[in-house]
Amino acid sequence: MPGKVAIVTGIPGVGKTTVCREAKALAEEEGIKLEVLNFGDVMVEIMEKSGRPLHRDKLRKMDVGFQKVVQAQAAAKLAKAVEKAEGHVIIDTHMIVRTERGYLPGLPKHVLDVLKPDFLVLIETDPEEIAARRAKDLKAGERLRDVRLMEELKEELEFSRMVASACSVLTGAPVVIIKNPTGGQREAAKALLDLFRG
Amino acid sequence: MPGKVAIVTGIPGVGKTTVCREAKALAEEEGIKLEVLNFGDVMVEIMEKSGRPLHRDKLRKMDVGFQKVVQAQAAAKLAKAVEKAEGHVIIDTHMIVRTERGYLPGLPKHVLDVLKPDFLVLIETDPEEIAARRAKDLKAGERLRDVRLMEELKEELEFSRMVASACSVLTGAPVVIIKNPTGGQREAAKALLDLFRG
Amino acid sequence: MPGKVAIVTGIPGVGKTTVCREAKALAEEEGIKLEVLNFGDVMVEIMEKSGRPLHRDKLRKMDVGFQKVVQAQAAAKLAKAVEKAEGHVIIDTHMIVRTERGYLPGLPKHVLDVLKPDFLVLIETDPEEIAARRAKDLKAGERLRDVRLMEELKEELEFSRMVASACSVLTGAPVVIIKNPTGGQREAAKALLDLFRG
């Protein structure tokens, strides 16, 4: 039986990448074959090879049309990596990307058609906790606009669910919500790994 | 003019099946040809014929991959029944199925492509009433975890709408919300039957 | 480089058409080529040519099946207009249309496939302001059912976002939310025009 593919998403600050890493560590302890691939890394790699290197933080400021092209190339590359993988695969990416020109879908139909996920995972954390985590990353002098930020985070979490619902209807894959409260990483990672069992 | 197809959905406890039965009775009183088909029944039937009988309650614990296969077979069977039907058809099913591995879409694209609905109906009831109805079905000793349950019900109702929205964009069929408060079955059934008029 | 296509939507009362007109005026001031096309106008035109003239307000009471046909014809006509356009194009339409038989999707898959939007814009205003604006349009004797109306408006705004999310996954185009509070038309129009820059 070939391995399963979980696309793991979450807005910045939910701790998505940490949960993926923790799930990978747990899998190794148990002897479960699991690979974690990062969509953004592949996009950056493609940009570098094309001779137009781009810092990761700039990805969300790219022209929409160009972003789509790189997105498609990255999806094709990841699909090949999935085919070669010997066990299960986690693809670490975004359901939506907040840009200056709206919410870009991280998994448009053409990407879903290529990646064929078995699970669509949303890592979620309460807006208050996300705000606190993001605050730690602020540079001196920066300040969070509290009320507005909270509204924005709620909107982003809400849109992520809406977009995930559409992805689910297109692929038939279930939407799995995994909560990642502070201190709950290990439990979140377990829940993620559980998807691949039996 | 051929009959129309309404896919009628609702989360457990909204009284979906009762509203469908009531609509069928009203249709008979008025001489309107209306058939009610149940998606879950057809899935159970397929399992029985395949020599792997499965209790209905276990449907939501099936392996996701296997569930998809049975879902596709059931959709094909229902499509044939719709073709043969002489009047209108209601397909009683779920927009989403809450499983241990997330929210499974009851009407993924491949099912919608086959069933070609004219209406996507969501039967809804307030979370408080759903909780009260479900409480009646509890065995002695079981207890509802109140606050968490209410959150879960709100989430399920919300996801149902999101998934219905995606189904609507794919099919072009409208999303129809029919409220079914306690004591309002007859009115809900009338609203459902009204969809097939003129 | 060919122009871009923004589909601009909003529920009645958000001031969608005013914002589009204002964006067009701003574009002219700056020498940016921008055409605004209205989906409903094209539908009415098609009805007239077919010898079945229909008042605009009656569009939402048409038979669902028939509406789909006219919708497809209008989309094809608009796609041709977009091809001929020398600059950017705004298509002024609805994400959802509230009818007696549910929420019709204004941009079902077959319409999106033809229009190929670069941006999916939702013009939004707070429900309270929408209610106030709609109140001005009431005839003597009519009265708004306040609480219920507010719930309905929230539901419509919510459904618009859900349907937009599905459209986004299908097309890869971002969902852009532009707020249009009273007195904020010019700023909203600027935000809309900004989508077409660089």
# chains A, B, ... in the order shown; residues from 1 in each chain; ligands from 1
>>> closest_atom_pairs(of="segment 85-122 of chain A", to="segment 14-31 of chain A", cutoff="12 Å", atoms="only C-alpha atoms", output="JSON lines")
{"residue": "A:Gly87", "atom": "CA", "partner": "A:Gly31", "partner_atom": "CA", "distance": 10.6}
{"residue": "A:His88", "atom": "CA", "partner": "A:Ala27", "partner_atom": "CA", "distance": 10.0}
{"residue": "A:Val89", "atom": "CA", "partner": "A:Lys24", "partner_atom": "CA", "distance": 9.8}
{"residue": "A:Ile90", "atom": "CA", "partner": "A:Cys20", "partner_atom": "CA", "distance": 7.6}
{"residue": "A:Ile91", "atom": "CA", "partner": "A:Cys20", "partner_atom": "CA", "distance": 9.0}
{"residue": "A:Asp92", "atom": "CA", "partner": "A:Thr17", "partner_atom": "CA", "distance": 7.0}
{"residue": "A:Thr93", "atom": "CA", "partner": "A:Lys16", "partner_atom": "CA", "distance": 8.8}
{"residue": "A:His94", "atom": "CA", "partner": "A:Lys16", "partner_atom": "CA", "distance": 9.5}
{"residue": "A:Met95", "atom": "CA", "partner": "A:Lys16", "partner_atom": "CA", "distance": 11.7}
{"residue": "A:Val121", "atom": "CA", "partner": "A:Lys16", "partner_atom": "CA", "distance": 10.0}
{"residue": "A:Leu122", "atom": "CA", "partner": "A:Lys16", "partner_atom": "CA", "distance": 8.7}
>>> write_last_selection(atoms="C-alpha atoms", output="CSV table (one decimal), in the first residue's frame")
chain,number,residue,atom,x,y,z
A,87,GLY,CA,6.2,6.3,3.1
A,88,HIS,CA,3.7,8.9,4.0
A,89,VAL,CA,4.2,12.6,3.0
A,90,ILE,CA,3.3,15.9,4.7
A,91,ILE,CA,3.3,18.9,2.5
A,92,ASP,CA,3.7,22.0,4.6
A,93,THR,CA,2.1,25.0,2.9
A,94,HIS,CA,-0.7,27.6,3.2
A,95,MET,CA,-4.4,27.4,2.5
A,121,VAL,CA,-5.2,19.7,7.5
A,122,LEU,CA,-5.8,23.1,9.2
>>> interface_residues(of="chain B", to="chain C", cutoff="8 Å", atoms="only C-alpha atoms", output="VMD selection string")
chain B and resid 161 to 162 165 to 166 168 to 177 195
>>> residues_around(residues="Met43 of chain B", least_positions_apart="3", cutoff="6 Å", atoms="only C-alpha atoms", output="PyMOL selection string")
chain B and resi 40+46+74
>>> select_by_dssp(residues="segment 13-119 of chain A", states="helix (DSSP H, G or I)", output="ChimeraX atom specification")
/A:16-30,39-49,56-61,64-84,109-115
>>> closest_residue(among="C:Leu54, C:Leu115, C:Val44, C:Val8", to="Glu83 of chain C", atoms="only C-alpha atoms")
C:Leu115
>>> closest_residue(among="C:Leu34, C:Leu153, C:Ala135, C:Ile130", to="Thr182 of chain C", atoms="only C-alpha atoms")
C:Ile130
>>> residues_around(residues="Thr125 of chain C", least_positions_apart="6", cutoff="7 Å", atoms="only C-alpha atoms", output="list in words")
Val14, Lys179, Asn180 and Pro181 of chain C
>>> write_last_selection(atoms="all heavy atoms", output="PDB file, in the first residue's frame")
ATOM      1  N   VAL C  14     -24.452  47.746  -0.757  1.00  0.00           N
ATOM      2  CA  VAL C  14     -23.053  48.004  -0.384  1.00  0.00           C
ATOM      3  C   VAL C  14     -22.441  49.123  -1.222  1.00  0.00           C
ATOM      4  O   VAL C  14     -21.355  49.607  -0.906  1.00  0.00           O
ATOM      5  CB  VAL C  14     -22.143  46.751  -0.496  1.00  0.00           C
ATOM      6  CG1 VAL C  14     -22.603  45.655   0.442  1.00  0.00           C
ATOM      7  CG2 VAL C  14     -22.043  46.273  -1.920  1.00  0.00           C
ATOM      8  N   LYS C 179     -13.707  47.463   1.684  1.00  0.00           N
ATOM      9  CA  LYS C 179     -14.745  48.022   2.548  1.00  0.00           C
ATOM     10  C   LYS C 179     -15.244  49.343   1.971  1.00  0.00           C
ATOM     11  O   LYS C 179     -14.431  50.159   1.515  1.00  0.00           O
ATOM     12  CB  LYS C 179     -14.181  48.277   3.958  1.00  0.00           C
ATOM     13  CG  LYS C 179     -13.750  47.004   4.670  1.00  0.00           C
ATOM     14  CD  LYS C 179     -14.944  46.185   5.123  1.00  0.00           C
ATOM     15  CE  LYS C 179     -14.509  44.929   5.856  1.00  0.00           C
ATOM     16  NZ  LYS C 179     -15.642  44.049   6.168  1.00  0.00           N
ATOM     17  N   ASN C 180     -16.546  49.538   2.006  1.00  0.00           N
ATOM     18  CA  ASN C 180     -17.119  50.781   1.487  1.00  0.00           C
ATOM     19  C   ASN C 180     -18.058  51.426   2.503  1.00  0.00           C
ATOM     20  O   ASN C 180     -19.267  51.444   2.325  1.00  0.00           O
ATOM     21  CB  ASN C 180     -17.877  50.500   0.172  1.00  0.00           C
ATOM     22  CG  ASN C 180     -18.412  51.776  -0.460  1.00  0.00           C
ATOM     23  OD1 ASN C 180     -17.792  52.831  -0.369  1.00  0.00           O
ATOM     24  ND2 ASN C 180     -19.578  51.686  -1.081  1.00  0.00           N
ATOM     25  N   PRO C 181     -17.469  51.959   3.594  1.00  0.00           N
ATOM     26  CA  PRO C 181     -18.311  52.629   4.589  1.00  0.00           C
ATOM     27  C   PRO C 181     -18.858  53.926   4.011  1.00  0.00           C
ATOM     28  O   PRO C 181     -18.323  54.430   3.011  1.00  0.00           O
ATOM     29  CB  PRO C 181     -17.335  52.895   5.736  1.00  0.00           C
ATOM     30  CG  PRO C 181     -16.000  53.007   5.070  1.00  0.00           C
ATOM     31  CD  PRO C 181     -16.051  52.058   3.902  1.00  0.00           C
TER      32      PRO C 181
END
>>> atom_distance(atom1="atom CA of Asp41 of chain C", atom2="atom CA of Ile7 of chain C")
14.8 Å
>>> closest_residue(among="B:Lys49, B:Lys61, B:Arg133, B:Lys84", to="Gly3 of chain B", atoms="only C-alpha atoms")
B:Lys84
>>> select_by_dssp(residues="segment 66-191 of chain A", states="strand (DSSP E)", output="NGL selection string")
:A and (88-93 or 96-99 or 102-105 or 119-124 or 175-179)
>>> closest_residue(among="B:Lys154, B:Lys80, B:Arg197, B:Lys33", to="Glu129 of chain B", atoms="only C-alpha atoms")
B:Lys154
>>> decode(residues="segment 120-134 of chain A", atoms="all heavy atoms", output="PDB file, in the first residue's frame")
ATOM      1  N   LEU A 120      -6.691  17.202   4.182  1.00  0.00           N
ATOM      2  CA  LEU A 120      -6.471  18.651   4.149  1.00  0.00           C
ATOM      3  C   LEU A 120      -6.481  19.121   5.597  1.00  0.00           C
ATOM      4  O   LEU A 120      -7.538  19.160   6.237  1.00  0.00           O
ATOM      5  CB  LEU A 120      -7.594  19.324   3.367  1.00  0.00           C
ATOM      6  CG  LEU A 120      -7.691  18.925   1.888  1.00  0.00           C
ATOM      7  CD1 LEU A 120      -9.083  19.214   1.350  1.00  0.00           C
ATOM      8  CD2 LEU A 120      -6.639  19.671   1.073  1.00  0.00           C
ATOM      9  N   VAL A 121      -5.309  19.404   6.130  1.00  0.00           N
ATOM     10  CA  VAL A 121      -5.206  19.730   7.549  1.00  0.00           C
ATOM     11  C   VAL A 121      -5.108  21.233   7.781  1.00  0.00           C
ATOM     12  O   VAL A 121      -4.351  21.920   7.090  1.00  0.00           O
ATOM     13  CB  VAL A 121      -3.984  19.025   8.182  1.00  0.00           C
ATOM     14  CG1 VAL A 121      -3.893  19.331   9.671  1.00  0.00           C
ATOM     15  CG2 VAL A 121      -4.048  17.524   7.938  1.00  0.00           C
ATOM     16  N   LEU A 122      -5.897  21.723   8.721  1.00  0.00           N
ATOM     17  CA  LEU A 122      -5.792  23.116   9.172  1.00  0.00           C
ATOM     18  C   LEU A 122      -5.266  23.095  10.601  1.00  0.00           C
ATOM     19  O   LEU A 122      -5.922  22.556  11.493  1.00  0.00           O
ATOM     20  CB  LEU A 122      -7.176  23.785   9.189  1.00  0.00           C
ATOM     21  CG  LEU A 122      -7.903  24.052   7.875  1.00  0.00           C
ATOM     22  CD1 LEU A 122      -9.353  24.474   8.158  1.00  0.00           C
ATOM     23  CD2 LEU A 122      -7.200  25.143   7.079  1.00  0.00           C
ATOM     24  N   ILE A 123      -4.081  23.643  10.810  1.00  0.00           N
ATOM     25  CA  ILE A 123      -3.591  23.817  12.174  1.00  0.00           C
ATOM     26  C   ILE A 123      -4.159  25.154  12.651  1.00  0.00           C
ATOM     27  O   ILE A 123      -4.016  26.172  11.954  1.00  0.00           O
ATOM     28  CB  ILE A 123      -2.045  23.855  12.242  1.00  0.00           C
ATOM     29  CG1 ILE A 123      -1.436  22.638  11.548  1.00  0.00           C
ATOM     30  CG2 ILE A 123      -1.572  23.972  13.693  1.00  0.00           C
ATOM     31  CD1 ILE A 123      -1.472  21.349  12.287  1.00  0.00           C
ATOM     32  N   GLU A 124      -4.819  25.126  13.792  1.00  0.00           N
ATOM     33  CA  GLU A 124      -5.447  26.363  14.289  1.00  0.00           C
ATOM     34  C   GLU A 124      -5.040  26.673  15.729  1.00  0.00           C
ATOM     35  O   GLU A 124      -4.810  25.763  16.525  1.00  0.00           O
ATOM     36  CB  GLU A 124      -6.976  26.230  14.238  1.00  0.00           C
ATOM     37  CG  GLU A 124      -7.554  26.277  12.837  1.00  0.00           C
ATOM     38  CD  GLU A 124      -9.084  26.286  12.822  1.00  0.00           C
ATOM     39  OE1 GLU A 124      -9.689  26.075  13.892  1.00  0.00           O
ATOM     40  OE2 GLU A 124      -9.666  26.502  11.755  1.00  0.00           O
ATOM     41  N   THR A 125      -4.990  27.953  16.017  1.00  0.00           N
ATOM     42  CA  THR A 125      -4.737  28.428  17.380  1.00  0.00           C
ATOM     43  C   THR A 125      -5.654  29.631  17.592  1.00  0.00           C
ATOM     44  O   THR A 125      -6.016  30.302  16.627  1.00  0.00           O
ATOM     45  CB  THR A 125      -3.261  28.877  17.522  1.00  0.00           C
ATOM     46  OG1 THR A 125      -2.417  27.828  17.055  1.00  0.00           O
ATOM     47  CG2 THR A 125      -2.895  29.208  18.957  1.00  0.00           C
ATOM     48  N   ASP A 126      -6.037  29.891  18.837  1.00  0.00           N
ATOM     49  CA  ASP A 126      -6.882  31.053  19.108  1.00  0.00           C
ATOM     50  C   ASP A 126      -6.188  32.337  18.657  1.00  0.00           C
ATOM     51  O   ASP A 126      -4.981  32.487  18.840  1.00  0.00           O
ATOM     52  CB  ASP A 126      -7.173  31.161  20.614  1.00  0.00           C
ATOM     53  CG  ASP A 126      -8.207  30.139  21.042  1.00  0.00           C
ATOM     54  OD1 ASP A 126      -8.954  29.653  20.174  1.00  0.00           O
ATOM     55  OD2 ASP A 126      -8.250  29.817  22.243  1.00  0.00           O
ATOM     56  N   PRO A 127      -6.961  33.276  18.110  1.00  0.00           N
ATOM     57  CA  PRO A 127      -6.376  34.545  17.644  1.00  0.00           C
ATOM     58  C   PRO A 127      -5.522  35.233  18.706  1.00  0.00           C
ATOM     59  O   PRO A 127      -4.469  35.779  18.384  1.00  0.00           O
ATOM     60  CB  PRO A 127      -7.610  35.392  17.303  1.00  0.00           C
ATOM     61  CG  PRO A 127      -8.693  34.419  17.023  1.00  0.00           C
ATOM     62  CD  PRO A 127      -8.404  33.209  17.854  1.00  0.00           C
ATOM     63  N   GLU A 128      -5.965  35.173  19.953  1.00  0.00           N
ATOM     64  CA  GLU A 128      -5.213  35.828  21.032  1.00  0.00           C
ATOM     65  C   GLU A 128      -3.794  35.255  21.113  1.00  0.00           C
ATOM     66  O   GLU A 128      -2.817  35.984  21.264  1.00  0.00           O
ATOM     67  CB  GLU A 128      -5.903  35.647  22.395  1.00  0.00           C
ATOM     68  CG  GLU A 128      -7.179  36.461  22.553  1.00  0.00           C
ATOM     69  CD  GLU A 128      -8.347  35.866  21.765  1.00  0.00           C
ATOM     70  OE1 GLU A 128      -8.255  34.679  21.368  1.00  0.00           O
ATOM     71  OE2 GLU A 128      -9.331  36.582  21.502  1.00  0.00           O
ATOM     72  N   GLU A 129      -3.692  33.937  21.029  1.00  0.00           N
ATOM     73  CA  GLU A 129      -2.376  33.304  21.131  1.00  0.00           C
ATOM     74  C   GLU A 129      -1.513  33.602  19.904  1.00  0.00           C
ATOM     75  O   GLU A 129      -0.310  33.786  20.012  1.00  0.00           O
ATOM     76  CB  GLU A 129      -2.522  31.794  21.307  1.00  0.00           C
ATOM     77  CG  GLU A 129      -3.103  31.438  22.672  1.00  0.00           C
ATOM     78  CD  GLU A 129      -2.944  29.955  22.979  1.00  0.00           C
ATOM     79  OE1 GLU A 129      -1.821  29.432  22.874  1.00  0.00           O
ATOM     80  OE2 GLU A 129      -3.948  29.325  23.315  1.00  0.00           O
ATOM     81  N   ILE A 130      -2.159  33.620  18.755  1.00  0.00           N
ATOM     82  CA  ILE A 130      -1.393  33.939  17.541  1.00  0.00           C
ATOM     83  C   ILE A 130      -0.812  35.341  17.673  1.00  0.00           C
ATOM     84  O   ILE A 130       0.361  35.581  17.380  1.00  0.00           O
ATOM     85  CB  ILE A 130      -2.276  33.863  16.284  1.00  0.00           C
ATOM     86  CG1 ILE A 130      -2.851  32.453  16.118  1.00  0.00           C
ATOM     87  CG2 ILE A 130      -1.471  34.246  15.037  1.00  0.00           C
ATOM     88  CD1 ILE A 130      -3.833  32.324  14.956  1.00  0.00           C
ATOM     89  N   ALA A 131      -1.645  36.277  18.138  1.00  0.00           N
ATOM     90  CA  ALA A 131      -1.204  37.666  18.290  1.00  0.00           C
ATOM     91  C   ALA A 131      -0.008  37.729  19.242  1.00  0.00           C
ATOM     92  O   ALA A 131       0.984  38.420  18.967  1.00  0.00           O
ATOM     93  CB  ALA A 131      -2.347  38.533  18.805  1.00  0.00           C
ATOM     94  N   ALA A 132      -0.093  36.990  20.339  1.00  0.00           N
ATOM     95  CA  ALA A 132       0.996  36.994  21.315  1.00  0.00           C
ATOM     96  C   ALA A 132       2.272  36.438  20.691  1.00  0.00           C
ATOM     97  O   ALA A 132       3.367  36.983  20.883  1.00  0.00           O
ATOM     98  CB  ALA A 132       0.598  36.174  22.539  1.00  0.00           C
ATOM     99  N   ARG A 133       2.147  35.349  19.926  1.00  0.00           N
ATOM    100  CA  ARG A 133       3.324  34.748  19.283  1.00  0.00           C
ATOM    101  C   ARG A 133       3.945  35.692  18.259  1.00  0.00           C
ATOM    102  O   ARG A 133       5.146  35.830  18.162  1.00  0.00           O
ATOM    103  CB  ARG A 133       2.939  33.439  18.585  1.00  0.00           C
ATOM    104  CG  ARG A 133       2.603  32.332  19.562  1.00  0.00           C
ATOM    105  CD  ARG A 133       2.178  31.085  18.813  1.00  0.00           C
ATOM    106  NE  ARG A 133       1.461  30.179  19.707  1.00  0.00           N
ATOM    107  CZ  ARG A 133       0.872  29.061  19.318  1.00  0.00           C
ATOM    108  NH1 ARG A 133       0.900  28.715  18.049  1.00  0.00           N
ATOM    109  NH2 ARG A 133       0.245  28.293  20.183  1.00  0.00           N
ATOM    110  N   ARG A 134       3.059  36.344  17.482  1.00  0.00           N
ATOM    111  CA  ARG A 134       3.584  37.262  16.470  1.00  0.00           C
ATOM    112  C   ARG A 134       4.267  38.455  17.134  1.00  0.00           C
ATOM    113  O   ARG A 134       5.241  38.993  16.615  1.00  0.00           O
ATOM    114  CB  ARG A 134       2.456  37.747  15.544  1.00  0.00           C
ATOM    115  CG  ARG A 134       1.962  36.666  14.581  1.00  0.00           C
ATOM    116  CD  ARG A 134       1.085  37.280  13.510  1.00  0.00           C
ATOM    117  NE  ARG A 134       0.483  36.261  12.651  1.00  0.00           N
ATOM    118  CZ  ARG A 134      -0.390  36.525  11.680  1.00  0.00           C
ATOM    119  NH1 ARG A 134      -0.772  37.766  11.456  1.00  0.00           N
ATOM    120  NH2 ARG A 134      -0.893  35.572  10.939  1.00  0.00           N
TER     121      ARG A 134
END
